[in-house]
$ cat input.cif   # mmCIF, N, CA and C atoms; chains and numbers go by the auth columns
data_work
loop_
_atom_site.group_PDB
_atom_site.id
_atom_site.type_symbol
_atom_site.label_atom_id
_atom_site.label_comp_id
_atom_site.label_asym_id
_atom_site.label_seq_id
_atom_site.Cartn_x
_atom_site.Cartn_y
_atom_site.Cartn_z
_atom_site.B_iso_or_equiv
_atom_site.auth_seq_id
_atom_site.auth_asym_id
ATOM 1 N N MET A 1 146.481 47.731 198.454 0.00 15 A
ATOM 2 C CA MET A 1 146.744 47.579 197.041 0.00 15 A
ATOM 3 C C MET A 1 147.829 46.506 196.886 0.00 15 A
ATOM 4 N N ASP A 2 147.581 45.590 195.976 0.00 16 A
ATOM 5 C CA ASP A 2 148.560 44.513 195.799 0.00 16 A
ATOM 6 C C ASP A 2 149.736 44.960 194.930 0.00 16 A
ATOM 7 N N GLU A 3 150.757 44.140 194.922 0.00 17 A
ATOM 8 C CA GLU A 3 152.014 44.476 194.237 0.00 17 A
ATOM 9 C C GLU A 3 151.832 44.701 192.740 0.00 17 A
ATOM 10 N N SER A 4 150.993 43.905 192.080 0.00 18 A
ATOM 11 C CA SER A 4 150.816 44.047 190.628 0.00 18 A
ATOM 12 C C SER A 4 150.200 45.403 190.273 0.00 18 A
ATOM 13 N N LYS A 5 149.272 45.891 191.097 0.00 19 A
ATOM 14 C CA LYS A 5 148.680 47.214 190.847 0.00 19 A
ATOM 15 C C LYS A 5 149.704 48.316 191.070 0.00 19 A
ATOM 16 N N ARG A 6 150.530 48.161 192.105 0.00 20 A
ATOM 17 C CA ARG A 6 151.573 49.156 192.359 0.00 20 A
ATOM 18 C C ARG A 6 152.543 49.239 191.184 0.00 20 A
ATOM 19 N N ILE A 7 152.912 48.097 190.649 0.00 21 A
ATOM 20 C CA ILE A 7 153.830 48.062 189.505 0.00 21 A
ATOM 21 C C ILE A 7 153.176 48.709 188.286 0.00 21 A
ATOM 22 N N ALA A 8 151.895 48.406 188.048 0.00 22 A
ATOM 23 C CA ALA A 8 151.174 48.982 186.907 0.00 22 A
ATOM 24 C C ALA A 8 151.081 50.493 187.043 0.00 22 A
ATOM 25 N N ILE A 9 150.771 50.971 188.231 0.00 23 A
ATOM 26 C CA ILE A 9 150.656 52.414 188.452 0.00 23 A
ATOM 27 C C ILE A 9 151.996 53.097 188.242 0.00 23 A
ATOM 28 N N LYS A 10 153.054 52.513 188.752 0.00 24 A
ATOM 29 C CA LYS A 10 154.400 53.082 188.587 0.00 24 A
ATOM 30 C C LYS A 10 154.760 53.169 187.094 0.00 24 A
ATOM 31 N N PHE A 11 154.473 52.109 186.351 0.00 25 A
ATOM 32 C CA PHE A 11 154.741 52.091 184.914 0.00 25 A
ATOM 33 C C PHE A 11 153.937 53.173 184.201 0.00 25 A
ATOM 34 N N LEU A 12 152.646 53.269 184.512 0.00 26 A
ATOM 35 C CA LEU A 12 151.787 54.246 183.840 0.00 26 A
ATOM 36 C C LEU A 12 152.192 55.679 184.182 0.00 26 A
ATOM 37 N N GLU A 13 152.637 55.913 185.392 0.00 27 A
ATOM 38 C CA GLU A 13 153.106 57.250 185.754 0.00 27 A
ATOM 39 C C GLU A 13 154.345 57.628 184.946 0.00 27 A
ATOM 40 N N LYS A 14 155.212 56.653 184.661 0.00 28 A
ATOM 41 C CA LYS A 14 156.371 56.919 183.793 0.00 28 A
ATOM 42 C C LYS A 14 155.907 57.216 182.370 0.00 28 A
ATOM 43 N N GLU A 15 154.884 56.488 181.916 0.00 29 A
ATOM 44 C CA GLU A 15 154.327 56.728 180.577 0.00 29 A
ATOM 45 C C GLU A 15 153.786 58.155 180.466 0.00 29 A
ATOM 46 N N ILE A 16 153.109 58.631 181.509 0.00 30 A
ATOM 47 C CA ILE A 16 152.570 59.991 181.504 0.00 30 A
ATOM 48 C C ILE A 16 153.701 60.993 181.314 0.00 30 A
ATOM 49 N N LYS A 17 154.809 60.797 182.023 0.00 31 A
ATOM 50 C CA LYS A 17 155.961 61.693 181.879 0.00 31 A
ATOM 51 C C LYS A 17 156.523 61.639 180.464 0.00 31 A
ATOM 52 N N THR A 18 156.548 60.457 179.885 0.00 32 A
ATOM 53 C CA THR A 18 157.043 60.305 178.510 0.00 32 A
ATOM 54 C C THR A 18 156.131 61.033 177.532 0.00 32 A
ATOM 55 N N TYR A 19 154.821 60.852 177.686 0.00 33 A
ATOM 56 C CA TYR A 19 153.861 61.526 176.807 0.00 33 A
ATOM 57 C C TYR A 19 153.983 63.042 176.932 0.00 33 A
ATOM 58 N N LEU A 20 154.161 63.524 178.153 0.00 34 A
ATOM 59 C CA LEU A 20 154.313 64.959 178.367 0.00 34 A
ATOM 60 C C LEU A 20 155.557 65.479 177.656 0.00 34 A
ATOM 61 N N ALA A 21 156.662 64.765 177.801 0.00 35 A
ATOM 62 C CA ALA A 21 157.914 65.181 177.154 0.00 35 A
ATOM 63 C C ALA A 21 157.777 65.173 175.633 0.00 35 A
ATOM 64 N N LEU A 22 157.165 64.131 175.082 0.00 36 A
ATOM 65 C CA LEU A 22 156.985 64.060 173.630 0.00 36 A
ATOM 66 C C LEU A 22 156.073 65.179 173.132 0.00 36 A
ATOM 67 N N SER A 23 155.022 65.456 173.878 0.00 37 A
ATOM 68 C CA SER A 23 154.107 66.517 173.501 0.00 37 A
ATOM 69 C C SER A 23 154.812 67.871 173.470 0.00 37 A
ATOM 70 N N LEU A 24 155.608 68.140 174.511 0.00 38 A
ATOM 71 C CA LEU A 24 156.351 69.405 174.559 0.00 38 A
ATOM 72 C C LEU A 24 157.364 69.501 173.424 0.00 38 A
ATOM 73 N N PHE A 25 158.084 68.410 173.173 0.00 39 A
ATOM 74 C CA PHE A 25 159.072 68.390 172.102 0.00 39 A
ATOM 75 C C PHE A 25 158.425 68.658 170.749 0.00 39 A
ATOM 76 N N LEU A 26 157.344 67.955 170.467 0.00 40 A
ATOM 77 C CA LEU A 26 156.686 68.112 169.165 0.00 40 A
ATOM 78 C C LEU A 26 156.069 69.492 169.006 0.00 40 A
ATOM 79 N N SER A 27 155.546 70.060 170.083 0.00 41 A
ATOM 80 C CA SER A 27 154.946 71.387 169.969 0.00 41 A
ATOM 81 C C SER A 27 156.004 72.456 169.725 0.00 41 A
ATOM 82 N N LYS A 28 157.192 72.291 170.313 0.00 42 A
ATOM 83 C CA LYS A 28 158.266 73.261 170.088 0.00 42 A
ATOM 84 C C LYS A 28 158.815 73.162 168.668 0.00 42 A
ATOM 85 N N LYS A 29 158.862 71.966 168.137 0.00 43 A
ATOM 86 C CA LYS A 29 159.387 71.755 166.795 0.00 43 A
ATOM 87 C C LYS A 29 158.328 71.962 165.717 0.00 43 A
ATOM 88 N N GLY A 30 157.056 72.019 166.120 0.00 44 A
ATOM 89 C CA GLY A 30 155.975 72.171 165.147 0.00 44 A
ATOM 90 C C GLY A 30 155.835 70.951 164.253 0.00 44 A
ATOM 91 N N ILE A 31 156.041 69.778 164.815 0.00 45 A
ATOM 92 C CA ILE A 31 156.055 68.542 164.033 0.00 45 A
ATOM 93 C C ILE A 31 154.687 67.882 164.044 0.00 45 A
ATOM 94 N N GLU A 32 154.255 67.455 162.877 0.00 46 A
ATOM 95 C CA GLU A 32 153.087 66.602 162.731 0.00 46 A
ATOM 96 C C GLU A 32 153.438 65.573 161.674 0.00 46 A
ATOM 97 N N GLU A 33 153.415 64.316 162.043 0.00 47 A
ATOM 98 C CA GLU A 33 153.842 63.239 161.159 0.00 47 A
ATOM 99 C C GLU A 33 152.752 62.201 160.985 0.00 47 A
ATOM 100 N N GLN A 34 152.703 61.621 159.802 0.00 48 A
ATOM 101 C CA GLN A 34 151.851 60.468 159.541 0.00 48 A
ATOM 102 C C GLN A 34 152.696 59.226 159.796 0.00 48 A
ATOM 103 N N VAL A 35 152.243 58.367 160.686 0.00 49 A
ATOM 104 C CA VAL A 35 152.987 57.171 161.041 0.00 49 A
ATOM 105 C C VAL A 35 152.099 55.953 160.815 0.00 49 A
ATOM 106 N N ARG A 36 152.666 54.915 160.226 0.00 50 A
ATOM 107 C CA ARG A 36 151.900 53.691 159.989 0.00 50 A
ATOM 108 C C ARG A 36 151.894 52.848 161.257 0.00 50 A
ATOM 109 N N VAL A 37 150.682 52.536 161.721 0.00 51 A
ATOM 110 C CA VAL A 37 150.491 51.662 162.875 0.00 51 A
ATOM 111 C C VAL A 37 149.585 50.537 162.414 0.00 51 A
ATOM 112 N N GLY A 38 150.167 49.359 162.257 0.00 52 A
ATOM 113 C CA GLY A 38 149.385 48.238 161.738 0.00 52 A
ATOM 114 C C GLY A 38 148.983 48.523 160.305 0.00 52 A
ATOM 115 N N ALA A 39 147.690 48.431 160.035 0.00 53 A
ATOM 116 C CA ALA A 39 147.192 48.632 158.673 0.00 53 A
ATOM 117 C C ALA A 39 146.786 50.073 158.400 0.00 53 A
ATOM 118 N N SER A 40 146.826 50.933 159.406 0.00 54 A
ATOM 119 C CA SER A 40 146.369 52.300 159.197 0.00 54 A
ATOM 120 C C SER A 40 147.455 53.310 159.515 0.00 54 A
ATOM 121 N N LYS A 41 147.258 54.519 159.038 0.00 55 A
ATOM 122 C CA LYS A 41 148.171 55.613 159.342 0.00 55 A
ATOM 123 C C LYS A 41 147.498 56.510 160.374 0.00 55 A
ATOM 124 N N ILE A 42 148.288 56.994 161.328 0.00 56 A
ATOM 125 C CA ILE A 42 147.770 57.944 162.300 0.00 56 A
ATOM 126 C C ILE A 42 148.643 59.187 162.294 0.00 56 A
ATOM 127 N N LEU A 43 148.071 60.289 162.711 0.00 57 A
ATOM 128 C CA LEU A 43 148.797 61.547 162.769 0.00 57 A
ATOM 129 C C LEU A 43 149.423 61.679 164.157 0.00 57 A
ATOM 130 N N ILE A 44 150.731 61.820 164.201 0.00 58 A
ATOM 131 C CA ILE A 44 151.438 62.021 165.467 0.00 58 A
ATOM 132 C C ILE A 44 151.658 63.519 165.622 0.00 58 A
ATOM 133 N N SER A 45 151.081 64.079 166.668 0.00 59 A
ATOM 134 C CA SER A 45 151.211 65.498 166.953 0.00 59 A
ATOM 135 C C SER A 45 151.166 65.696 168.463 0.00 59 A
ATOM 136 N N PRO A 46 151.402 66.909 168.939 0.00 60 A
ATOM 137 C CA PRO A 46 151.321 67.141 170.387 0.00 60 A
ATOM 138 C C PRO A 46 149.959 66.734 170.951 0.00 60 A
ATOM 139 N N THR A 47 148.910 66.950 170.203 0.00 61 A
ATOM 140 C CA THR A 47 147.563 66.598 170.655 0.00 61 A
ATOM 141 C C THR A 47 147.428 65.102 170.862 0.00 61 A
ATOM 142 N N PHE A 48 148.040 64.305 170.007 0.00 62 A
ATOM 143 C CA PHE A 48 147.998 62.850 170.127 0.00 62 A
ATOM 144 C C PHE A 48 148.522 62.419 171.493 0.00 62 A
ATOM 145 N N TYR A 49 149.657 62.963 171.901 0.00 63 A
ATOM 146 C CA TYR A 49 150.253 62.577 173.172 0.00 63 A
ATOM 147 C C TYR A 49 149.475 63.132 174.358 0.00 63 A
ATOM 148 N N LYS A 50 148.880 64.311 174.201 0.00 64 A
ATOM 149 C CA LYS A 50 148.055 64.861 175.277 0.00 64 A
ATOM 150 C C LYS A 50 146.833 63.970 175.514 0.00 64 A
ATOM 151 N N GLU A 51 146.252 63.447 174.447 0.00 65 A
ATOM 152 C CA GLU A 51 145.117 62.532 174.579 0.00 65 A
ATOM 153 C C GLU A 51 145.540 61.238 175.257 0.00 65 A
ATOM 154 N N ARG A 52 146.689 60.686 174.883 0.00 66 A
ATOM 155 C CA ARG A 52 147.196 59.463 175.524 0.00 66 A
ATOM 156 C C ARG A 52 147.439 59.706 177.015 0.00 66 A
ATOM 157 N N MET A 53 147.949 60.911 177.339 0.00 67 A
ATOM 158 C CA MET A 53 148.236 61.255 178.718 0.00 67 A
ATOM 159 C C MET A 53 146.936 61.271 179.542 0.00 67 A
ATOM 160 N N LYS A 54 145.882 61.850 178.993 0.00 68 A
ATOM 161 C CA LYS A 54 144.601 61.887 179.694 0.00 68 A
ATOM 162 C C LYS A 54 144.052 60.480 179.908 0.00 68 A
ATOM 163 N N GLU A 55 144.149 59.643 178.888 0.00 69 A
ATOM 164 C CA GLU A 55 143.675 58.266 179.015 0.00 69 A
ATOM 165 C C GLU A 55 144.454 57.516 180.099 0.00 69 A
ATOM 166 N N THR A 56 145.753 57.715 180.117 0.00 70 A
ATOM 167 C CA THR A 56 146.604 57.039 181.090 0.00 70 A
ATOM 168 C C THR A 56 146.301 57.522 182.504 0.00 70 A
ATOM 169 N N GLU A 57 146.067 58.828 182.666 0.00 71 A
ATOM 170 C CA GLU A 57 145.739 59.366 183.983 0.00 71 A
ATOM 171 C C GLU A 57 144.430 58.770 184.495 0.00 71 A
ATOM 172 N N LYS A 58 143.457 58.555 183.616 0.00 72 A
ATOM 173 C CA LYS A 58 142.189 57.940 184.018 0.00 72 A
ATOM 174 C C LYS A 58 142.419 56.516 184.509 0.00 72 A
ATOM 175 N N ILE A 59 143.267 55.773 183.812 0.00 73 A
ATOM 176 C CA ILE A 59 143.562 54.393 184.205 0.00 73 A
ATOM 177 C C ILE A 59 144.237 54.367 185.571 0.00 73 A
ATOM 178 N N VAL A 60 145.189 55.270 185.796 0.00 74 A
ATOM 179 C CA VAL A 60 145.885 55.331 187.069 0.00 74 A
ATOM 180 C C VAL A 60 144.891 55.628 188.194 0.00 74 A
ATOM 181 N N THR A 61 143.997 56.574 187.970 0.00 75 A
ATOM 182 C CA THR A 61 142.991 56.918 188.969 0.00 75 A
ATOM 183 C C THR A 61 142.101 55.723 189.284 0.00 75 A
ATOM 184 N N GLU A 62 141.669 54.999 188.248 0.00 76 A
ATOM 185 C CA GLU A 62 140.827 53.821 188.450 0.00 76 A
ATOM 186 C C GLU A 62 141.571 52.730 189.232 0.00 76 A
ATOM 187 N N LEU A 63 142.845 52.526 188.910 0.00 77 A
ATOM 188 C CA LEU A 63 143.617 51.519 189.636 0.00 77 A
ATOM 189 C C LEU A 63 143.786 51.881 191.103 0.00 77 A
ATOM 190 N N LYS A 64 144.009 53.164 191.363 0.00 78 A
ATOM 191 C CA LYS A 64 144.188 53.607 192.754 0.00 78 A
ATOM 192 C C LYS A 64 142.885 53.466 193.542 0.00 78 A
ATOM 193 N N LYS A 65 141.739 53.695 192.886 0.00 79 A
ATOM 194 C CA LYS A 65 140.435 53.586 193.556 0.00 79 A
ATOM 195 C C LYS A 65 140.038 52.144 193.806 0.00 79 A
ATOM 196 N N SER A 66 140.450 51.231 192.961 0.00 80 A
ATOM 197 C CA SER A 66 140.022 49.829 193.062 0.00 80 A
ATOM 198 C C SER A 66 140.858 49.071 194.093 0.00 80 A
ATOM 199 N N ASN A 67 140.929 49.608 195.235 0.00 81 A
ATOM 200 C CA ASN A 67 141.722 49.039 196.332 0.00 81 A
ATOM 201 C C ASN A 67 141.183 47.739 196.822 0.00 81 A
#

$ encode --input "input.cif" --output "structure tokens"
Amino acid sequence: MDESKRIAIKFLEKEIKTYLALSLFLSKKGIEEQVRVGASKILISPTFYKERMKETEKIVTELKKSN
């Protein structure tokens, strides 16, 4: 695995930890917020971060396999 893939995987693994922490925080506080992203509004909730975490884990797995 080349250096750029290692750096990407390390970054994405940190993102997974961040998403997990945000998901736990929001679920404990019972927070659901509408946030403007570009031209649209999205709902920020624990589920939002859990979905991002799953997507990120898939990317990490694909990067590790593409040796």

$ residues_around --input "input.cif" --residues "Lys19 (chain A)" --least-positions-apart "4" --cutoff "9 Å" --atoms "only C-alpha atoms" --output "PyMOL selection string"
chain A and resi 15+23-24+77-78

$ closest_residue --input "input.cif" --among "A:Ile73, A:Ile58, A:Met67, A:Ala22" --to "Leu34 (chain A)" --atoms "all atoms listed in the file"
A:Met67

$ resolve_selection --input "input.cif" --expression "the PyMOL selection byres (((chain A and resi 26 and name CA) around 12) and name CA)" --output "MDAnalysis selection string"
chainID A and resid 19:25 27:33 66:78

$ residues_around --input "input.cif" --residues "Leu38 (chain A)" --least-positions-apart "2" --cutoff "12 Å" --atoms "only C-alpha atoms" --output "VMD selection string"
chain A and resid 31 to 36 40 to 45 59 to 64

$ write_last_selection --input "input.cif" --atoms "N, CA and C atoms" --output "mmCIF file, in the coordinates of the input"
data_model
loop_
_atom_site.group_PDB
_atom_site.id
_atom_site.type_symbol
_atom_site.label_atom_id
_atom_site.label_comp_id
_atom_site.auth_asym_id
_atom_site.auth_seq_id
_atom_site.Cartn_x
_atom_site.Cartn_y
_atom_site.Cartn_z
ATOM 1 N N LYS A 31 154.809 60.797 182.023
ATOM 2 C CA LYS A 31 155.961 61.693 181.879
ATOM 3 C C LYS A 31 156.523 61.639 180.464
ATOM 4 N N THR A 32 156.548 60.457 179.885
ATOM 5 C CA THR A 32 157.043 60.305 178.510
ATOM 6 C C THR A 32 156.131 61.033 177.532
ATOM 7 N N TYR A 33 154.821 60.852 177.686
ATOM 8 C CA TYR A 33 153.861 61.526 176.807
ATOM 9 C C TYR A 33 153.983 63.042 176.932
ATOM 10 N N LEU A 34 154.161 63.524 178.153
ATOM 11 C CA LEU A 34 154.313 64.959 178.367
ATOM 12 C C LEU A 34 155.557 65.479 177.656
ATOM 13 N N ALA A 35 156.662 64.765 177.801
ATOM 14 C CA ALA A 35 157.914 65.181 177.154
ATOM 15 C C ALA A 35 157.777 65.173 175.633
ATOM 16 N N LEU A 36 157.165 64.131 175.082
ATOM 17 C CA LEU A 36 156.985 64.060 173.630
ATOM 18 C C LEU A 36 156.073 65.179 173.132
ATOM 19 N N LEU A 40 157.344 67.955 170.467
ATOM 20 C CA LEU A 40 156.686 68.112 169.165
ATOM 21 C C LEU A 40 156.069 69.492 169.006
ATOM 22 N N SER A 41 155.546 70.060 170.083
ATOM 23 C CA SER A 41 154.946 71.387 169.969
ATOM 24 C C SER A 41 156.004 72.456 169.725
ATOM 25 N N LYS A 42 157.192 72.291 170.313
ATOM 26 C CA LYS A 42 158.266 73.261 170.088
ATOM 27 C C LYS A 42 158.815 73.162 168.668
ATOM 28 N N LYS A 43 158.862 71.966 168.137
ATOM 29 C CA LYS A 43 159.387 71.755 166.795
ATOM 30 C C LYS A 43 158.328 71.962 165.717
ATOM 31 N N GLY A 44 157.056 72.019 166.120
ATOM 32 C CA GLY A 44 155.975 72.171 165.147
ATOM 33 C C GLY A 44 155.835 70.951 164.253
ATOM 34 N N ILE A 45 156.041 69.778 164.815
ATOM 35 C CA ILE A 45 156.055 68.542 164.033
ATOM 36 C C ILE A 45 154.687 67.882 164.044
ATOM 37 N N SER A 59 151.081 64.079 166.668
ATOM 38 C CA SER A 59 151.211 65.498 166.953
ATOM 39 C C SER A 59 151.166 65.696 168.463
ATOM 40 N N PRO A 60 151.402 66.909 168.939
ATOM 41 C CA PRO A 60 151.321 67.141 170.387
ATOM 42 C C PRO A 60 149.959 66.734 170.951
ATOM 43 N N THR A 61 148.910 66.950 170.203
ATOM 44 C CA THR A 61 147.563 66.598 170.655
ATOM 45 C C THR A 61 147.428 65.102 170.862
ATOM 46 N N PHE A 62 148.040 64.305 170.007
ATOM 47 C CA PHE A 62 147.998 62.850 170.127
ATOM 48 C C PHE A 62 148.522 62.419 171.493
ATOM 49 N N TYR A 63 149.657 62.963 171.901
ATOM 50 C CA TYR A 63 150.253 62.577 173.172
ATOM 51 C C TYR A 63 149.475 63.132 174.358
ATOM 52 N N LYS A 64 148.880 64.311 174.201
ATOM 53 C CA LYS A 64 148.055 64.861 175.277
ATOM 54 C C LYS A 64 146.833 63.970 175.514
#

$ select_by_dssp --input "input.cif" --residues "region 23-77 of chain A" --states "alpha helix (DSSP H)" --output "PyMOL selection string"
chain A and resi 23-43+60-77

$ select_by_dssp --input "input.cif" --residues "chain A" --states "strand (DSSP E)" --output "PyMOL selection string"
chain A and resi 47-51+54-58
